[in-house]
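Data file: my_file-v4.cif. Format and content: mmCIF, C-alpha atoms and all ligand atoms.
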```cif
data_coords
loop_
_atom_site.label_atom_id
_atom_site.label_comp_id
_atom_site.auth_asym_id
_atom_site.auth_seq_id
_atom_site.Cartn_x
_atom_site.Cartn_y
_atom_site.Cartn_z
CA MET I 1 116.46 23.26 160.88
CA PHE I 2 117.66 26.87 161.40
CA SER I 3 115.57 28.29 164.19
CA ASP I 4 115.31 32.08 164.46
CA THR I 5 115.01 33.56 167.97
CA HIS I 6 114.16 37.11 166.88
CA PHE I 7 111.97 38.53 164.14
CA HIS I 8 109.02 40.87 163.69
CA PHE I 9 106.55 38.95 161.54
CA GLN I 10 103.93 41.68 161.18
CA ASN I 11 106.57 44.20 160.10
CA ILE I 12 107.84 41.67 157.55
CA CYS I 13 104.33 41.30 156.09
CA ASN I 14 103.82 45.08 156.19
CA SER I 15 107.01 45.47 154.16
CA GLY I 16 105.34 43.64 151.27
CA VAL I 17 106.72 40.15 151.88
CA ASN I 18 104.27 37.24 151.56
CA GLY I 19 103.96 35.83 155.08
CA VAL I 20 102.39 32.59 153.85
CA GLU I 21 105.48 31.87 151.77
CA VAL I 22 107.80 32.68 154.66
CA LEU I 23 106.05 30.32 157.10
CA SER I 24 105.74 27.61 154.42
CA ALA I 25 109.46 27.77 153.67
CA LEU I 26 110.30 27.48 157.38
CA ALA I 27 107.88 24.57 157.78
CA GLU I 28 109.33 22.82 154.73
CA ARG I 29 112.79 22.74 156.24
CA ASN I 30 111.36 21.60 159.57
CA THR I 31 112.19 24.69 161.59
CA PHE I 32 112.05 23.90 165.29
CA PHE I 33 111.40 27.40 166.63
CA GLY I 34 110.52 30.89 165.40
CA LEU I 35 110.06 33.76 167.81
CA ASP I 36 107.91 36.75 166.94
CA ILE I 37 109.05 39.71 169.01
CA GLY I 38 106.90 42.48 170.46
CA THR I 39 107.96 46.12 170.64
CA LYS I 40 104.82 47.92 171.83
CA ALA I 41 102.49 47.49 174.82
CA GLY I 42 99.40 46.77 172.76
CA ASP I 43 100.81 44.92 169.77
CA LEU I 44 100.38 41.28 170.86
CA ALA I 45 96.85 40.55 169.62
CA GLY I 46 97.52 42.09 166.20
CA ARG I 47 100.77 40.17 165.81
CA GLN I 48 99.11 36.88 166.70
CA ALA I 49 96.28 37.60 164.26
CA CYS I 50 98.83 38.30 161.53
CA VAL I 51 100.51 34.93 162.12
CA GLU I 52 97.12 33.15 162.28
CA GLN I 53 96.18 34.69 158.96
CA ALA I 54 99.42 33.56 157.34
CA ILE I 55 98.99 30.01 158.71
CA ALA I 56 95.42 29.96 157.39
CA GLY I 57 96.83 30.74 153.94
CA ILE I 58 99.05 27.63 153.89
CA SER I 59 97.16 25.08 151.79
CA ASP I 60 99.23 22.04 152.81
CA ASN I 61 97.87 20.86 156.16
CA THR I 62 101.11 19.28 157.33
CA LEU I 63 103.03 22.48 156.73
CA ALA I 64 100.31 24.57 158.38
CA GLU I 65 100.42 22.31 161.45
CA ARG I 66 104.18 22.61 161.62
CA ALA I 67 103.99 26.42 161.38
CA ARG I 68 101.48 26.47 164.21
CA ARG I 69 103.83 24.35 166.27
CA PHE I 70 107.07 26.29 165.74
CA MET I 71 105.71 29.84 166.12
CA TYR I 72 106.07 31.49 169.52
CA PHE I 73 105.64 35.03 170.82
CA THR I 74 107.07 37.56 173.22
CA ALA I 75 105.56 40.80 174.49
CA GLY I 76 107.53 43.88 175.42
CA ILE I 77 108.15 47.56 174.88
CA TRP I 78 111.04 48.90 172.86
CA PRO I 79 112.50 51.97 174.66
CA ASP I 80 111.29 54.76 172.40
CA VAL I 81 110.97 58.19 173.92
CA ASP I 82 107.16 58.20 174.12
CA ALA I 83 107.08 54.80 175.82
CA ILE I 84 109.76 55.91 178.29
CA HIS I 85 107.78 58.98 179.35
CA ASP I 86 104.53 57.04 179.64
CA ARG I 87 106.21 54.00 181.21
CA GLU I 88 103.85 53.36 184.12
CA ASN I 89 100.82 53.23 181.86
CA GLN I 90 102.67 51.28 179.21
CA MET I 91 103.79 48.60 181.66
CA LYS I 92 100.24 48.28 182.93
CA LEU I 93 98.99 47.75 179.38
CA LEU I 94 101.72 45.23 178.69
CA ARG I 95 100.96 43.24 181.82
CA GLU I 96 97.24 43.23 180.99
CA SER I 97 97.83 42.03 177.44
CA ILE I 98 100.06 39.16 178.61
CA THR I 99 97.71 38.01 181.37
CA ALA I 100 94.64 38.28 179.12
CA VAL I 101 96.36 35.95 176.69
CA ALA I 102 97.46 33.54 179.40
CA GLU I 103 93.96 33.26 180.81
CA GLY I 104 92.03 32.89 177.58
CA GLY I 105 92.09 30.38 174.77
CA GLU I 106 92.82 26.72 174.38
CA GLN I 107 96.11 25.18 175.35
CA ASP I 108 97.15 24.37 171.80
CA THR I 109 96.27 27.67 170.18
CA LEU I 110 98.76 30.46 169.64
CA ASN I 111 97.29 32.19 172.67
CA ARG I 112 99.27 30.20 175.17
CA LYS I 113 102.55 30.60 173.39
CA ILE I 114 104.07 33.61 175.14
CA VAL I 115 107.57 32.45 176.01
CA ALA I 116 109.43 35.64 176.93
CA VAL I 117 109.20 39.28 177.97
CA GLY I 118 110.75 41.78 175.53
CA GLU I 119 112.26 43.13 173.54
CA CYS I 120 113.19 45.75 176.06
CA GLY I 121 116.40 47.43 177.10
CA ILE I 122 118.74 50.32 176.56
CA ASP I 123 119.50 52.11 173.29
CA HIS I 124 121.85 55.07 173.24
CA HIS I 125 122.37 55.03 169.54
CA TRP I 126 121.04 58.06 167.77
CA ASN I 127 121.82 60.16 164.75
CA PRO I 128 121.54 63.90 164.13
CA ALA I 129 118.56 63.50 161.82
CA GLY I 130 116.73 61.29 164.27
CA VAL I 131 115.67 59.01 161.41
CA ASP I 132 115.38 56.01 163.68
CA GLY I 133 113.31 58.04 166.13
CA ARG I 134 116.04 59.00 168.57
CA CYS I 135 117.91 62.30 168.79
CA GLU I 136 120.47 63.27 171.38
CA SER I 137 118.24 66.19 172.38
CA ASP I 138 115.55 63.71 173.50
CA PHE I 139 117.84 62.34 176.16
CA ASP I 140 118.03 64.52 179.21
CA GLU I 141 118.87 63.01 182.60
CA GLN I 142 115.23 62.29 183.32
CA THR I 143 114.72 60.34 180.11
CA TYR I 144 117.85 58.31 180.77
CA ARG I 145 116.52 57.43 184.19
CA GLY I 146 113.12 56.64 182.70
CA GLU I 147 114.70 54.32 180.15
CA ARG I 148 116.43 52.36 182.89
CA GLU I 149 113.22 52.19 184.92
CA LEU I 150 111.25 50.93 181.93
CA PHE I 151 113.86 48.22 181.35
CA GLU I 152 113.98 47.20 185.01
CA ALA I 153 110.18 47.00 185.11
CA HIS I 154 110.37 44.46 182.27
CA ILE I 155 112.92 42.35 184.13
CA GLU I 156 110.74 42.46 187.26
CA LEU I 157 107.71 41.39 185.22
CA ALA I 158 109.68 38.51 183.68
CA ARG I 159 110.77 37.35 187.11
CA GLU I 160 107.18 37.42 188.32
CA LEU I 161 105.95 35.47 185.26
CA LYS I 162 109.00 33.14 185.37
CA LEU I 163 109.87 33.96 181.77
CA PRO I 164 113.16 34.80 180.04
CA VAL I 165 113.86 38.38 178.90
CA ILE I 166 114.80 39.47 175.36
CA VAL I 167 117.28 42.30 175.87
CA HIS I 168 118.01 44.98 173.30
CA SER I 169 121.26 46.77 174.17
CA ARG I 170 122.93 49.19 171.84
CA ASP I 171 125.67 51.67 172.77
CA GLY I 172 124.63 51.24 176.39
CA PHE I 173 126.58 48.38 177.90
CA GLU I 174 127.15 49.96 181.35
CA ASP I 175 123.53 50.98 181.80
CA THR I 176 122.32 47.58 180.64
CA LEU I 177 124.57 45.76 183.08
CA ASP I 178 123.57 48.10 185.91
CA CYS I 179 119.89 47.34 185.34
CA LEU I 180 120.55 43.59 185.31
CA LYS I 181 122.52 43.89 188.55
CA ASN I 182 119.87 46.09 190.16
CA VAL I 183 117.08 43.62 189.56
CA GLY I 184 119.22 40.49 189.93
CA TYR I 185 117.18 38.26 187.62
CA ASP I 186 119.47 36.86 184.95
CA ASN I 187 117.51 34.77 182.49
CA GLY I 188 117.32 35.40 178.78
CA ILE I 189 119.01 36.66 175.64
CA ILE I 190 121.22 39.60 174.79
CA HIS I 191 119.87 39.95 171.28
CA CYS I 192 121.70 41.22 168.18
CA TYR I 193 124.89 41.24 170.20
CA SER I 194 127.07 44.22 169.26
CA TYR I 195 129.75 44.49 171.96
CA GLY I 196 133.15 42.86 172.40
CA ILE I 197 134.54 39.85 174.24
CA GLU I 198 134.92 41.54 177.64
CA GLU I 199 131.30 42.66 177.62
CA ALA I 200 130.23 39.18 176.49
CA ARG I 201 132.08 37.72 179.46
CA ALA I 202 130.14 40.00 181.83
CA PHE I 203 126.79 38.84 180.40
CA LEU I 204 127.82 35.18 180.24
CA ASP I 205 129.06 35.22 183.84
CA ARG I 206 125.60 36.35 184.91
CA GLY I 207 123.98 33.52 182.94
CA TRP I 208 122.78 35.22 179.77
CA TYR I 209 122.54 33.71 176.30
CA ILE I 210 124.00 35.69 173.40
CA ALA I 211 122.29 35.88 170.02
CA PHE I 212 124.02 36.84 166.80
CA GLY I 213 122.32 38.13 163.69
CA GLY I 214 123.05 39.26 160.15
CA ALA I 215 125.27 42.11 161.37
CA VAL I 216 128.12 39.65 161.99
CA THR I 217 128.33 39.15 158.22
CA TYR I 218 128.79 42.89 157.55
CA ASN I 219 132.24 43.47 158.90
CA LYS I 220 135.06 44.64 156.71
CA LYS I 221 138.54 43.21 157.12
CA ALA I 222 139.67 45.45 160.00
CA LYS I 223 136.89 44.34 162.33
CA LEU I 224 136.34 40.89 160.92
CA GLU I 225 139.04 39.21 163.00
CA ALA I 226 137.60 40.65 166.21
CA VAL I 227 134.12 39.41 165.30
CA LYS I 228 135.49 35.94 164.53
CA GLU I 229 137.24 35.85 167.90
CA LEU I 230 133.99 36.81 169.57
CA LEU I 231 132.02 34.14 167.69
CA LYS I 232 134.54 31.54 168.83
CA PHE I 233 134.59 32.89 172.39
CA VAL I 234 130.90 32.47 173.21
CA PRO I 235 130.46 28.93 174.56
CA ALA I 236 128.35 26.42 172.64
CA ASP I 237 125.78 26.18 175.41
CA ARG I 238 124.98 29.93 175.32
CA PHE I 239 124.89 30.53 171.60
CA LEU I 240 121.84 31.57 169.55
CA CYS I 241 121.16 32.74 165.97
CA GLU I 242 118.54 35.21 164.78
CA THR I 243 117.62 37.64 162.00
CA ASP I 244 115.81 40.65 163.55
CA ALA I 245 113.84 40.53 160.26
CA PRO I 246 112.67 42.62 158.45
CA TYR I 247 115.86 44.46 159.42
CA LEU I 248 119.55 43.60 159.06
CA ALA I 249 119.48 41.17 156.12
CA PRO I 250 122.70 39.13 156.12
CA VAL I 251 125.27 39.15 153.33
CA PRO I 252 124.65 38.31 150.44
CA LEU I 253 121.15 39.77 150.83
CA ARG I 254 122.15 42.95 152.65
CA GLY I 255 119.86 45.88 151.80
CA THR I 256 116.82 43.70 151.05
CA ILE I 257 113.82 43.10 153.31
CA ASN I 258 114.92 40.39 155.67
CA THR I 259 112.88 37.29 156.62
CA PRO I 260 113.56 34.37 159.00
CA VAL I 261 114.22 32.21 155.95
CA ASN I 262 117.50 34.12 155.57
CA VAL I 263 118.74 33.08 158.99
CA GLU I 264 120.38 30.22 157.07
CA HIS I 265 123.07 32.67 155.92
CA VAL I 266 123.81 33.62 159.52
CA TYR I 267 124.20 29.91 160.39
CA ASN I 268 126.45 29.34 157.39
CA PHE I 269 128.73 32.24 158.26
CA ILE I 270 129.01 31.40 161.95
CA ALA I 271 129.43 27.65 161.37
CA GLU I 272 132.40 28.31 159.13
CA VAL I 273 134.01 30.56 161.74
CA ARG I 274 133.41 28.03 164.52
CA GLY I 275 134.61 25.13 162.43
CA CYS I 276 131.42 23.09 162.39
CA THR I 277 128.68 22.39 159.86
CA PRO I 278 125.56 24.58 159.69
CA GLU I 279 123.57 21.48 160.64
CA GLU I 280 125.66 20.98 163.78
CA LEU I 281 125.27 24.63 164.70
CA SER I 282 121.53 24.36 164.14
CA GLU I 283 121.32 21.40 166.49
CA LEU I 284 123.33 23.20 169.13
CA VAL I 285 121.10 26.30 168.90
CA ASP I 286 117.93 24.19 169.10
CA ASN I 287 119.24 22.55 172.27
CA ASN I 288 119.89 25.97 173.77
CA ILE I 289 116.37 27.06 172.80
CA ARG I 290 114.95 24.00 174.56
CA LYS I 291 116.92 24.80 177.70
CA LEU I 292 116.12 28.49 177.72
CA PHE I 293 112.45 28.55 176.76
CA PHE I 294 111.10 25.14 177.71
CA THR I 295 112.94 24.04 180.82
CA SER I 296 114.55 26.94 182.61
CA VAL I 297 113.00 28.57 185.61
CA VAL I 298 115.41 30.91 187.35
CA GLU I 299 114.31 32.22 190.73
ZN ZN I 301 113.96 43.37 167.13
#
```
Would you mind writing the file's structure down as structure tokens?
Amino acid sequence: MFSDTHFHFQNICNSGVNGVEVLSALAERNTFFGLDIGTKAGDLAGRQACVEQAIAGISDNTLAERARRFMYFTAGIWPDVDAIHDRENQMKLLRESITAVAEGGEQDTLNRKIVAVGECGIDHHWNPAGVDGRCESDFDEQTYRGERELFEAHIELARELKLPVIVHSRDGFEDTLDCLKNVGYDNGIIHCYSYGIEEARAFLDRGWYIAFGGAVTYNKKAKLEAVKELLKFVPADRFLCETDAPYLAPVPLRGTINTPVNVEHVYNFIAEVRGCTPEELSELVDNNIRKLFFTSVVE
């Protein structure tokens, strides 16, 4: 119950959370799917080792087996300024790390469990202090172009590998859509969805899934109605839930270090808005996960 299609397990552990407890809790409630998301070209091996270590710490064999079964991985490069400028090299590294994993290891080990490319995309959100690593002054025309190229290179790679893409898109709807149109491979998730209904329609029409996270629980009255409309608008067969842990903890845990265990609060909130039970929503999301990650091949 309560799959989570987007979290950063190593960052969760590095924030002081006990990863063994997190995976045990997910295994105890029979989680179907948990997706550990990459953000850097060379981070895959370290992330898999971190998950392996946490699984090794689970003393109950049944739970450990379940954790091994539900954990999956992506590999991709978040569009930070350094990665954008070094994009050719970075994409080469990323490709090498994914193919090395695909060629080595036994079928049932974590090694084979790369199910998507990403997260990758467009982020035009910055603040004057640059505390999240992005300042307006970093973004001249050339960097903007580089960001789009880095994103498109991910989509091309996903097409080649026949994998879905995990798209990060913040304050950059037009650029995101342009890149998707340019490459013409529409298969994957618009993660941590932050736009309105019209933008959702554009992504849905092209075949994308839309994932909602803890941020939907943040809205004050003025915006709440719009968010509820959006949550009702996205069709049941394109709907996903996630945490983006360790970030964006949902209400009532806002401000704490987030973990995939908390995705339950996202399900509760959205189920109430959509007029179903959290269990029904969970089943619907798991079906979408099956379709997206385990059956779909879009040419
Ligand atoms: Zn993320």
Atom CA of I:Glu96 to atom CA of I:Cys179, distance in Å rounded to a single decimal
23.4 Å
Which value, in Å to one decimal, gives the distance between atom CA of I:Ala222 and atom CA of I:Tyr193?
18.4 Å
Please compute the atom CA of I:Leu230-atom CA of I:Ile197 distance, one decimal, in Å.
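Between these atoms lies a distance of 5.6 Å.
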With a cut-off of 7 Å, could you pull out the residues of chain I touching ligand ZN 301 (chain I) and give me the nearest pair of atoms for each, distance in Å to one decimal, using all atoms listed in the file, ordered by chain and ascending number, as a tab-separated table?
```
residue	atom	partner	partner_atom	distance
I:His6	CA	I:ZN301	ZN	6.3
I:Phe7	CA	I:ZN301	ZN	6.0
I:His8	CA	I:ZN301	ZN	6.5
I:Ile37	CA	I:ZN301	ZN	6.4
I:Glu119	CA	I:ZN301	ZN	6.6
I:Asp244	CA	I:ZN301	ZN	4.9
```
Once you count all atoms listed in the file, what closest atom pair and distance in Å to one decimal does each residue of stretch 137-239 of chain I within 9 Å of stretch 275-284 of chain I have, with rows by chain and rising residue number, as a Markdown table?
```
| residue | atom | partner | partner_atom | distance |
| --- | --- | --- | --- | --- |
| I:Ala236 | CA | I:Leu284 | CA | 6.9 |
| I:Asp237 | CA | I:Leu284 | CA | 7.4 |
| I:Phe239 | CA | I:Leu284 | CA | 7.9 |
```
Requested write-out: C-alpha atoms of the selected residues, as an mmCIF file, keeping the file's coordinate frame:
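This went into part_8.cif:
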```
data_model
loop_
_atom_site.group_PDB
_atom_site.id
_atom_site.type_symbol
_atom_site.label_atom_id
_atom_site.label_comp_id
_atom_site.auth_asym_id
_atom_site.auth_seq_id
_atom_site.Cartn_x
_atom_site.Cartn_y
_atom_site.Cartn_z
ATOM 1 C CA ALA I 236 128.350 26.420 172.640
ATOM 2 C CA ASP I 237 125.780 26.180 175.410
ATOM 3 C CA PHE I 239 124.890 30.530 171.600
#
```
Go through I:Ala67, I:Ile12, I:Ile155, I:Val167 one by one, measure the shortest atom-to-atom distance of each to I:Ser24 using all atoms listed in the file, and give the residue with the smallest value.
I:Ala67
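For the choices I:Ile289, I:Ala153, I:Val216, I:Glu52, the atom-to-atom distance to I:Phe269 is smallest for I:Val216 when using only C-alpha atoms.
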Residues near I:His168, cut-off 6 Å, only C-alpha atoms, skip fewer than 5 positions along chain, as a ChimeraX atom specification:
/I:120-121,191
Mind listing as a list in words all residues within 12 Å of (99.4, 48.8, 178.9), counting all atoms listed in the file?
Lys40, Ala41, Gly42, Asp43, Leu44, Ala75, Gly76, Ile77, Ala83, Asp86, Arg87, Glu88, Asn89, Gln90, Met91, Lys92, Leu93, Leu94, Arg95, Glu96, Ser97, Ile98, Thr99 and Ala100 of chain I
Go ahead and save the residues from that selection, with C-alpha atoms, as a PDB file, in the frame of the given file.
```pdb
ATOM      1  CA  LYS I  40     104.820  47.920 171.830  1.00  0.00           C
ATOM      2  CA  ALA I  41     102.490  47.490 174.820  1.00  0.00           C
ATOM      3  CA  GLY I  42      99.400  46.770 172.760  1.00  0.00           C
ATOM      4  CA  ASP I  43     100.810  44.920 169.770  1.00  0.00           C
ATOM      5  CA  LEU I  44     100.380  41.280 170.860  1.00  0.00           C
ATOM      6  CA  ALA I  75     105.560  40.800 174.490  1.00  0.00           C
ATOM      7  CA  GLY I  76     107.530  43.880 175.420  1.00  0.00           C
ATOM      8  CA  ILE I  77     108.150  47.560 174.880  1.00  0.00           C
ATOM      9  CA  ALA I  83     107.080  54.800 175.820  1.00  0.00           C
ATOM     10  CA  ASP I  86     104.530  57.040 179.640  1.00  0.00           C
ATOM     11  CA  ARG I  87     106.210  54.000 181.210  1.00  0.00           C
ATOM     12  CA  GLU I  88     103.850  53.360 184.120  1.00  0.00           C
ATOM     13  CA  ASN I  89     100.820  53.230 181.860  1.00  0.00           C
ATOM     14  CA  GLN I  90     102.670  51.280 179.210  1.00  0.00           C
ATOM     15  CA  MET I  91     103.790  48.600 181.660  1.00  0.00           C
ATOM     16  CA  LYS I  92     100.240  48.280 182.930  1.00  0.00           C
ATOM     17  CA  LEU I  93      98.990  47.750 179.380  1.00  0.00           C
ATOM     18  CA  LEU I  94     101.720  45.230 178.690  1.00  0.00           C
ATOM     19  CA  ARG I  95     100.960  43.240 181.820  1.00  0.00           C
ATOM     20  CA  GLU I  96      97.240  43.230 180.990  1.00  0.00           C
ATOM     21  CA  SER I  97      97.830  42.030 177.440  1.00  0.00           C
ATOM     22  CA  ILE I  98     100.060  39.160 178.610  1.00  0.00           C
ATOM     23  CA  THR I  99      97.710  38.010 181.370  1.00  0.00           C
ATOM     24  CA  ALA I 100      94.640  38.280 179.120  1.00  0.00           C
TER      25      ALA I 100
END
```
Which of these, I:Val285, I:Val17, I:Ala202, I:Leu63, has the shortest distance to I:Asn30 once you count only C-alpha atoms?
I:Leu63
10 Å contact set for I:Glu229, all atoms listed in the file, chain neighbours under 5 positions out, as a short mmCIF file (atom, residue, chain, number, x, y, z; two decimals) with C-alpha atoms, in the coordinates of the input:
```cif
data_model
loop_
_atom_site.label_atom_id
_atom_site.label_comp_id
_atom_site.auth_asym_id
_atom_site.auth_seq_id
_atom_site.Cartn_x
_atom_site.Cartn_y
_atom_site.Cartn_z
CA GLY I 196 133.15 42.86 172.40
CA ILE I 197 134.54 39.85 174.24
CA LEU I 224 136.34 40.89 160.92
CA VAL I 234 130.90 32.47 173.21
CA VAL I 273 134.01 30.56 161.74
CA ARG I 274 133.41 28.03 164.52
#
```
Sel. within 7 Å of pt (114.1, 30.6, 171.7), counting all atoms listed in the file, output as a list in words
Thr5, Phe33, Leu35, Ile289, Leu292 and Phe293 of chain I
Expected file contents, prior selection, C-alpha atoms, as a short mmCIF file (atom, residue, chain, number, x, y, z; two decimals), keeping the file's coordinate frame:
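Saved as selection.cif:
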```cif
data_model
loop_
_atom_site.label_atom_id
_atom_site.label_comp_id
_atom_site.auth_asym_id
_atom_site.auth_seq_id
_atom_site.Cartn_x
_atom_site.Cartn_y
_atom_site.Cartn_z
CA THR I 5 115.01 33.56 167.97
CA PHE I 33 111.40 27.40 166.63
CA LEU I 35 110.06 33.76 167.81
CA ILE I 289 116.37 27.06 172.80
CA LEU I 292 116.12 28.49 177.72
CA PHE I 293 112.45 28.55 176.76
#
```
Rank nothing, just name the residue among I:Met1, I:Phe73, I:Ile190, I:Ser137 nearest to I:Ala49, using all atoms listed in the file.
I:Phe73
Neighbouring residues of I:Thr217 were defined as those with any atom within 9 Å, considering all atoms listed in the file; residues of the same chain fewer than 5 positions away were excluded. Please report them as a PDB file with C-alpha atoms, in the coordinates of the input.
```
ATOM      1  CA  LEU I 224     136.340  40.890 160.920  1.00  0.00           C
ATOM      2  CA  PRO I 250     122.700  39.130 156.120  1.00  0.00           C
ATOM      3  CA  VAL I 251     125.270  39.150 153.330  1.00  0.00           C
ATOM      4  CA  PRO I 252     124.650  38.310 150.440  1.00  0.00           C
ATOM      5  CA  HIS I 265     123.070  32.670 155.920  1.00  0.00           C
ATOM      6  CA  VAL I 266     123.810  33.620 159.520  1.00  0.00           C
ATOM      7  CA  PHE I 269     128.730  32.240 158.260  1.00  0.00           C
ATOM      8  CA  ILE I 270     129.010  31.400 161.950  1.00  0.00           C
TER       9      ILE I 270
END
```
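In terms of minimum interatomic distance to I:Phe151, I:Trp78 ranks closest within I:Trp78, I:Phe203, I:Phe2, I:Tyr185, counting all atoms listed in the file.
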